[in-house]
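Engineer: One structure, pasted below without further comment.
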Protein chains: 2
Amino acid sequence: MRIGELSERTGTPRRLLRYYEEQGLIVAGRSPNGYREYDEHCVDRVMQIRGLLDAGLPTRIIKQILPCLDKPRTIYFPDATPEMIATLEHERDRMTDRIRCLTRNRDAISAYLEAVLDDSCRDTNVDTHGDTADPSPS
Amino acid sequence: MRIGELSERTGTPRRLLRYYEEQGLIVAGRSPNGYREYDEHCVDRVMQIRGLLDAGLPTRIIKQILPCLDKPRTIYFPDATPEMIATLEHERDRMTDRIRCLTRNRDAISAYLEAVLDDSCRDTNVDTHGDTADPSPS
DNA sequence: TCGAACCTTCACATTGGTGAGAGGCTCAAG
DNA sequence: CTTGAGCCTCTCACCAATGTGAAGGTTCGA
């Protein structure tokens, strides 16, 4: 597929796709006419990239870890230098930290939300926002 | 405590603490001489802020959700406008997405790491790095 | 009085992401 | 064949957000 389709299917501006390529996050083949040519796999890849960026990982790191995560092992073990291993372990740990932090805070939000919702059902007679006085009784 | 101690205890540059205050993420009292005065609670708060920032949340959102998460309920339900509720629900969902994304990728990294480690134990006879030719057989 | 810690403020760096323009190629439909 | 949509390159500039550096001045404690 070409850039337009990839853009639509991933909800990502064309401009940004070229930017990701420039940053080395994705690679695109080329048609004889010079058009970028993407395979199906790229759709997932772009979504993955966006997700990771959104989760706070810098492109530099994403670029390093993505090749290790391809379904058919693109990068093999000989390429795994000790420092690469170290980087991966470090990033894995940082991701675990992030997950912990997010989970804790999300659960706290959920708890708050539940408390508020629960509360607003209980006292609908307060004048805070007098509408919806509909406890649906009996 | 003053900014220096908070800085040390949170591993955060003084400059950055002032920045967070400027962004409305933390509030500091003032001594008569103008020095910022922090209470114990700030240590956790700063760590929480750093964690959330690192996990991709913008200060704008953090500023909104933090007050809802204080241990002794600082913000009460009357303040919970419908749009605030909506924001919280939305952010909670985004956080869930992030958690999913991070978990998936972290597990993939773990799997890769495991495979590599496992592999480097198994074939130490390859000339890739010919040392440790110690298959410890029979 | 000296130095460490604090203050404010201005400016800068980096990162992720956009916008626009120039200049040109390709392809399909009218 | 022409027209227009979509693509190409390249460039320059810009944005917001997070985070730093440094200058110049005050306060505190030894």
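Letters A, B, ... go to the chains of the structure tokens in the order shown; residues in each chain start at 1; ligands are counted from 1 in the same order.
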Could you list the residues in chain B lying within 9 Å of chain C, using only C-alpha atoms (C1' of nucleotides), and format the result as number ranges by chain?

Structural biologist: B: 3-4, 34-36

Engineer: Residues as selected, N, CA and C atoms, written as a compact mmCIF listing (two decimals), in the first residue's frame, can you do that?

Structural biologist:
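New file again.txt:
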# COMPACT_ATOMS: atom_id res chain seq x y z
N ILE B 3 13.98 23.45 49.61
CA ILE B 3 14.08 22.86 48.28
C ILE B 3 15.27 21.92 48.12
N GLY B 4 16.35 22.24 48.82
CA GLY B 4 17.55 21.40 48.71
C GLY B 4 17.29 19.99 49.18
N GLY B 34 11.24 34.14 52.35
CA GLY B 34 10.97 33.90 50.94
C GLY B 34 11.34 32.51 50.46
N TYR B 35 11.99 31.75 51.31
CA TYR B 35 12.36 30.39 50.92
C TYR B 35 11.12 29.50 50.81
N ARG B 36 11.16 28.59 49.85
CA ARG B 36 10.06 27.63 49.73
C ARG B 36 10.10 26.63 50.88

Engineer: Using only C-alpha atoms and a cut-off of 6 Å, which residues of chain B sit close to chain A? Please list them as a ChimeraX atom specification.

Structural biologist: /B:54-56,77,92,98-99,106,116

Engineer: Would you tabulate, counting only C-alpha atoms (C1' of nucleotides), all residues of chain B that have an atom at most 9 Å from an atom of chain D, showing the closest pair of atoms and their distance in Å to one decimal, sorted by chain then ascending number, as CSV?

Structural biologist:
residue,atom,partner,partner_atom,distance
B:Arg15,CA,D:DT20,C1',7.9
B:Leu16,CA,D:DG19,C1',7.1
B:Tyr19,CA,D:DG19,C1',8.6
B:Asn33,CA,D:DT27,C1',7.2
B:Pro58,CA,D:DA17,C1',8.0
B:Thr59,CA,D:DA17,C1',8.8

Engineer: Could you tell me how far CA of Pro82 in chain A lies from CA of Leu25 in chain A, in Å and to one decimal?

Structural biologist: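 Separation between CA of Pro82 in chain A and CA of Leu25 in chain A: 22.4 Å.
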
Engineer: At a cut-off of 8 Å, using only C-alpha atoms (C1' of nucleotides), what residues contact Ser7 in chain B? Leave out same-chain residues fewer than 6 positions from it and give the result as a list in words.

Structural biologist: Pro13, Arg14 and Leu17 of chain B

Engineer: Go ahead and save the residues from that selection, with N, CA and C atoms, as a PDB file, in the first residue's frame.

Structural biologist:
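This went into out34.pdb:
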ATOM      1  N   PRO B  13      16.354  17.762  40.313  1.00  0.00           N
ATOM      2  CA  PRO B  13      17.044  19.052  40.369  1.00  0.00           C
ATOM      3  C   PRO B  13      16.155  20.137  40.957  1.00  0.00           C
ATOM      4  N   ARG B  14      16.742  21.005  41.736  1.00  0.00           N
ATOM      5  CA  ARG B  14      16.016  22.136  42.315  1.00  0.00           C
ATOM      6  C   ARG B  14      15.233  22.877  41.238  1.00  0.00           C
ATOM      7  N   LEU B  17      12.049  21.365  40.366  1.00  0.00           N
ATOM      8  CA  LEU B  17      11.015  21.497  41.389  1.00  0.00           C
ATOM      9  C   LEU B  17      10.328  22.858  41.261  1.00  0.00           C
TER      10      LEU B  17
END
